Each structure stands twice: as C-alpha cells, then as structure tokens.
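Presented below is the structure to which this report refers.
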Amino acid sequence: MRRVVIGFFVFMSIFAFRQQNIMANDQPELTPTERMNFYLRYADELVPWYYLAAIDQYERNIQQVRNDIEKHGGPLALHFSDEDWAGALNPLPQDNTVEAIAYFGGIGMDGDGDGIADKTNPDDVLYTLHTLLSAHGVSEDDFKMALEQIYEKEATVNQILAIATLYSRFETIELDEHRFPIPKGYNYTYRGTWGASRGWGGRRIHEGTDIFAGYGTPVMSASYGVIEVMGWNNYGGWRIGIRDNHNTYHYYAHLAYFNKDLKQGDVVEPGTVIGSVGSSGYGKEGTSGKFPPHLHYGVYKYNGRTEWAFDPYPALRLWERQDRQK
Ligand SMILES: [Zn+2]
C-alpha cells in the first residue's frame with residue numbers, strides 16, 4: 001500500500017524538475033570528490049550513487065547552457081519546483097512541514113533529520129530524489145521508467161542514462177579528459193571553416209570541422225561516451241554518434257570502416273579507435289569517393305529542449321596541443 005501511495009506521488013511529480021521556481025543560492029562549487037561523497041551518503045542497494053549523480057549532472061549541464069533557469073552552486077544542481085515539493089494543492093507554496101507536505105501530495109522529505117523538509121537543503125533534496133527513484137524498483141528498467149515519468153522526454157532520458165552508464169563503468173564523475181580524434185604520427189590538415197557554405201556532408205548542413213587525412217587513418221573518440229548511433233546515413237556515410245557526460249553528441253562521419261569490436265550502446269573513452277578515415281557518403285549505402293577522404297567531426301549540445309550544433313574547431317586546437325604535450 002505504501003508503495004502505491006508513493007507511486008502516486010511520483011506520478012504527481014511529472015510536472016517536473018523542468019518548470020522550476022528557483023531561488024538564487026550562493027553556495028560555493030564543490031570539488032568532484034566532495035560531490036561524490038555527497039552522492040555516496042544517499043546511495044544504497046536500492047539506488048546506486050551513479051543514478052543520483054547522473055540526474056544531478058544532467059541538471060548541471062542544462063543550467064550551463066540555458067538562460068531561463070538559475071545556475072546553482074553547492075553540492076547539487078538539482079532543484080524541485082514549489083508545486084512538486086510542497087504539493088500542487090498546498091496553500092503554502094514554501095511549506096516545509098513534513099506532515100503537511102505529505103498531506104498535500106508533495107514529494108518533499110526530510111533527509112538530514114532536522115524535522116523540516118527544506119527544498120533549499122541539498123540533503124533533503126537528495127533524500128527526496130532517492131525516495132522517488134526507489135519507489136520504482138531497483139533494475140535499470142525501473143530507473144528508466146522513473147526518468148520517463150519525471151522528464152517525459154526521450155532525449156532527456158537517454159542523456160541521463162548515458163551519463164549513468166559512464167559513471168557506473170568508470171566509477172568516477174571525473175570524465176573530462178579529451179583527445180584529438182586523429183592519433184599523433186599521422187598526417188592531417190584542418191581549418192576553422194565554421195559557417196562555410198562549402199563542405200562535405202554534415203549531419204544536417206555543414207556543421208562541423210573537416211579533418212583531411214589519408215584513407216585508413218585511425219579515428220579515435222575525442223571523449224568518454226556511449227555509442228548512440230552507428231551505421232549508414234546518406235550524407236554522412238558510415239558514421240558514429242557518441243553521447244558524452246556533458247550533454248554533448250559527437251558525430252564522426254565519412255568513415256571507411258568501423259572498429260568491428262564496437263556496437264551501438266558500447267562505452268568508449270578518449271582514444272578508443274572507432275573507425276578509420278574514408279570518403280563514404282553522398283549517396284546510397286556504400287557510396288564512396290565523391291570527395292577527398294576526411295573525417296567530418298561535429299558536436300551538438302542538448303539543453304533539455306533541443307539540440308544545436310556548435311563549432312568544434314577551438315576544442316580541436318586545444319586537444320591537439322594537449323596531446324602533443326603528453
Ligand atoms: Zn564536413
């Protein structure tokens with residue numbers, strides 16, 4: 001019975017984390033280690049730390065690229081709306097009384113045992129999130145179902161699942177390392193041609209950087225990520241799309257070959273060889289040689305609503321320089 005009641009509250013909360021009435025907060029940013037310790041404090045066999053951490057990281061990612069939502073310091077980026085927290089029918093939107101919130105169907109709970117459910121207290125927020133997630137069950141499918149109810153958007157659910165997968169696999173939230181996608185020792189050239197009308201095959205229009213190199217030159221993943229797409233596309237030819245832990249989708253196109261050991265859903269890290277440079281694309285499956293061989297590399301950022309392309313050239317220059325110093 002208790003489970004059914006909690007399930008109902010979870011259902012009520014689908015009005016979501018997204019429409020948030022957020023208050024400013026001056027708490028300092030924590031180090032990754034401090035943040036990790038915070039997640040671990042509220043994790044258990046029902047809700048592993050990487051589920052809590054993935055949702056929080058997703059919220060942090062969208063706060064960085066959205067002007068309409070407040071940025072949060074402190075241990076948690078995640079914040080609930082007044083309606084979700086105190087209950088939609090609660091006459092006191094700022095209510096922090098545990099009993100009253102429960103009565104009005106709010107989700108807010110008291111995590112640190114001070115007797116009040118304070119939506120600006122990270123302990124109370126994380127404990128509440130734990131309760132929402134554990135109400136569904138412990139499997140990965142249950143986690144996915146909980147995310148679907150909370151966020152209602154497939155793209156958001158997939159992004160959070162990708163982050164959780166990466167955190168779980170590497171057992172850390174520090175996955176910020178990058179590599180230039182062509183290994184040292186191979187010849188290549190590229191220019192900052194963002195916005196140029198000419199180019200060979202982007203994902204939609206020419207959104208990305210063309211790195212020219214010989215046929216068969218290895219192509220490496222620039223980031224940590226989960227392979228979201230792998231196959232043929234009429235413009236991009238043989239292409240791979242990889243989603244990282246910063247809501248960024250990395251797109252590698254015109255490959256000659258894929259790394260045969262990889263498939264959709266697999267995890268890669270910076271430097272994992274994903275295929276080799278080719279000139280596939282601009283036609284039906286198998287079309288090749290309509291332009292000089294090159295890697296088309298594009299990056300797209302997801303902000304919780306849409307995904308847009310940004311110029312990868314500055315990042316490529318940085319990663320190239322860092323790789324040379326190694
Ligand atoms: Zn291109």
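Identifiers in the structure tokens: chain A, B, ... in order shown; residue index from 1 per chain; ligand index from 1 in order shown.
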
> Got a sec to tell me which of range 72-292 of chain A DSSP assigns to strand (DSSP E or B), as a VMD selection string?
Replying inline: chain A and resid 74 97 116 188 to 190 209 to 213 218 to 220 225 to 233 237 to 243 248 to 258 267 to 268 273 to 278 280 288

Output file for the residues above (N, CA and C atoms, as a short mmCIF file (atom, residue, chain, number, x, y, z; two decimals), in the first residue's frame):
data_model
loop_
_atom_site.label_atom_id
_atom_site.label_comp_id
_atom_site.auth_asym_id
_atom_site.auth_seq_id
_atom_site.Cartn_x
_atom_site.Cartn_y
_atom_site.Cartn_z
N GLY A 74 27.00 24.88 -4.80
CA GLY A 74 26.70 23.88 -3.78
C GLY A 74 26.81 22.48 -4.33
N THR A 97 6.80 21.77 6.22
CA THR A 97 6.35 20.87 7.28
C THR A 97 6.14 19.49 6.68
N ILE A 116 12.43 19.26 9.30
CA ILE A 116 11.76 20.01 8.23
C ILE A 116 12.24 19.54 6.86
N TYR A 188 47.62 15.09 -41.24
CA TYR A 188 46.24 15.58 -41.41
C TYR A 188 46.28 17.10 -41.51
N THR A 189 45.23 17.67 -42.05
CA THR A 189 45.08 19.13 -42.06
C THR A 189 43.63 19.48 -41.78
N TYR A 190 43.43 20.60 -41.14
CA TYR A 190 42.06 21.08 -40.92
C TYR A 190 42.09 22.58 -40.68
N THR A 209 33.81 20.34 -38.41
CA THR A 209 35.15 20.60 -38.96
C THR A 209 35.57 19.39 -39.78
N ASP A 210 36.09 19.63 -40.99
CA ASP A 210 36.62 18.56 -41.83
C ASP A 210 38.11 18.40 -41.56
N ILE A 211 38.49 17.22 -41.13
CA ILE A 211 39.91 16.93 -40.90
C ILE A 211 40.37 16.01 -42.02
N PHE A 212 41.20 16.53 -42.94
CA PHE A 212 41.63 15.77 -44.11
C PHE A 212 42.81 14.90 -43.73
N ALA A 213 42.73 13.63 -44.10
CA ALA A 213 43.80 12.67 -43.80
C ALA A 213 43.68 11.53 -44.80
N PRO A 218 43.52 6.04 -38.55
CA PRO A 218 42.60 5.73 -37.44
C PRO A 218 41.85 6.97 -36.95
N VAL A 219 40.60 6.76 -36.57
CA VAL A 219 39.78 7.82 -35.96
C VAL A 219 39.48 7.39 -34.53
N MET A 220 39.79 8.27 -33.59
CA MET A 220 39.58 7.94 -32.17
C MET A 220 38.43 8.76 -31.60
N GLY A 225 32.12 8.36 -23.69
CA GLY A 225 30.76 8.41 -24.20
C GLY A 225 30.15 7.04 -24.46
N VAL A 226 28.88 7.08 -24.81
CA VAL A 226 28.11 5.89 -25.16
C VAL A 226 27.74 6.01 -26.63
N ILE A 227 27.97 4.95 -27.41
CA ILE A 227 27.64 4.98 -28.83
C ILE A 227 26.13 4.96 -29.00
N GLU A 228 25.61 6.06 -29.55
CA GLU A 228 24.16 6.21 -29.70
C GLU A 228 23.71 5.78 -31.09
N VAL A 229 24.53 6.07 -32.07
CA VAL A 229 24.19 5.77 -33.47
C VAL A 229 25.42 5.22 -34.15
N MET A 230 25.22 4.20 -34.99
CA MET A 230 26.35 3.61 -35.73
C MET A 230 25.77 2.97 -36.97
N GLY A 231 26.09 3.49 -38.14
CA GLY A 231 25.54 2.92 -39.37
C GLY A 231 25.64 3.89 -40.52
N TRP A 232 24.81 3.66 -41.53
CA TRP A 232 24.86 4.47 -42.75
C TRP A 232 23.86 5.61 -42.70
N ASN A 233 24.32 6.73 -43.25
CA ASN A 233 23.45 7.90 -43.42
C ASN A 233 23.81 8.48 -44.78
N GLY A 237 27.53 9.08 -44.71
CA GLY A 237 28.13 7.78 -44.99
C GLY A 237 28.15 6.92 -43.74
N TRP A 238 29.25 6.16 -43.57
CA TRP A 238 29.40 5.39 -42.32
C TRP A 238 29.74 6.36 -41.22
N ARG A 239 28.82 6.47 -40.26
CA ARG A 239 29.07 7.47 -39.22
C ARG A 239 28.70 6.92 -37.85
N ILE A 240 29.35 7.50 -36.84
CA ILE A 240 29.12 7.12 -35.45
C ILE A 240 28.74 8.37 -34.67
N GLY A 241 27.71 8.26 -33.83
CA GLY A 241 27.34 9.34 -32.92
C GLY A 241 27.56 8.89 -31.49
N ILE A 242 28.29 9.66 -30.73
CA ILE A 242 28.65 9.29 -29.35
C ILE A 242 28.19 10.37 -28.38
N ARG A 243 27.47 9.95 -27.34
CA ARG A 243 26.95 10.91 -26.37
C ARG A 243 27.81 10.90 -25.11
N THR A 248 26.75 16.45 -24.65
CA THR A 248 27.27 16.71 -25.99
C THR A 248 27.26 15.43 -26.81
N TYR A 249 26.81 15.57 -28.06
CA TYR A 249 26.77 14.47 -29.02
C TYR A 249 27.90 14.69 -30.01
N HIS A 250 28.80 13.73 -30.10
CA HIS A 250 29.95 13.83 -31.01
C HIS A 250 29.66 12.99 -32.25
N TYR A 251 29.82 13.61 -33.41
CA TYR A 251 29.42 12.98 -34.67
C TYR A 251 30.64 12.82 -35.57
N TYR A 252 30.95 11.58 -35.95
CA TYR A 252 32.12 11.27 -36.78
C TYR A 252 31.62 10.65 -38.09
N ALA A 253 31.88 11.35 -39.22
CA ALA A 253 31.28 10.90 -40.48
C ALA A 253 32.30 10.62 -41.58
N HIS A 254 31.80 9.97 -42.63
CA HIS A 254 32.55 9.59 -43.85
C HIS A 254 33.60 8.52 -43.59
N LEU A 255 33.41 7.69 -42.58
CA LEU A 255 34.41 6.67 -42.25
C LEU A 255 34.51 5.63 -43.37
N ALA A 256 35.71 5.05 -43.52
CA ALA A 256 35.90 3.94 -44.45
C ALA A 256 35.44 2.65 -43.78
N TYR A 257 35.82 2.47 -42.53
CA TYR A 257 35.47 1.28 -41.75
C TYR A 257 35.12 1.68 -40.33
N PHE A 258 34.34 0.83 -39.69
CA PHE A 258 34.13 0.94 -38.25
C PHE A 258 35.10 0.01 -37.55
N VAL A 267 30.45 1.51 -24.61
CA VAL A 267 31.11 2.64 -23.97
C VAL A 267 32.50 2.83 -24.57
N VAL A 268 32.85 4.09 -24.84
CA VAL A 268 34.20 4.38 -25.34
C VAL A 268 34.86 5.40 -24.41
N VAL A 273 39.78 3.69 -30.60
CA VAL A 273 39.67 3.75 -32.07
C VAL A 273 38.26 3.30 -32.45
N ILE A 274 37.54 4.18 -33.16
CA ILE A 274 36.16 3.87 -33.52
C ILE A 274 36.02 3.52 -35.00
N GLY A 275 37.04 3.82 -35.79
CA GLY A 275 36.98 3.51 -37.22
C GLY A 275 38.17 4.13 -37.93
N SER A 276 38.02 4.33 -39.24
CA SER A 276 39.13 4.92 -39.98
C SER A 276 38.61 5.90 -41.02
N VAL A 277 39.47 6.85 -41.39
CA VAL A 277 39.11 7.92 -42.32
C VAL A 277 38.77 7.34 -43.69
N GLY A 278 37.71 7.87 -44.29
CA GLY A 278 37.32 7.45 -45.63
C GLY A 278 36.63 8.57 -46.36
N SER A 280 33.17 7.98 -47.46
CA SER A 280 31.84 7.40 -47.67
C SER A 280 30.77 8.48 -47.51
N SER A 288 31.07 5.84 -52.13
CA SER A 288 32.35 6.32 -51.62
C SER A 288 33.11 7.01 -52.74
#

> What residues in range 134-325 of chain A get the DSSP label alpha helix (DSSP H)? Please answer as a ChimeraX atom specification.
Replying inline: /A:134,140-151,154-170,313-325

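The residue set within 10 Å of Leu318 in chain A, counting only C-alpha atoms and dropping same-chain residues fewer than 6 places from it, reads A:His178, A:Arg179, A:Phe180.
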
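For the set A:Ser221, A:Thr193, A:Thr165, A:Asn61, the residue with the smallest atom-to-atom gap to Pro314 in chain A is A:Thr193, counting only C-alpha atoms.
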
>> Residues within 8 Å of range 310-313 of chain A, please, as an MDAnalysis selection string. Count only C-alpha atoms; anything in the same chain fewer than 5 positions from it doesn't count.
In response: chainID A and resid 191:192 194 207:209 297:301
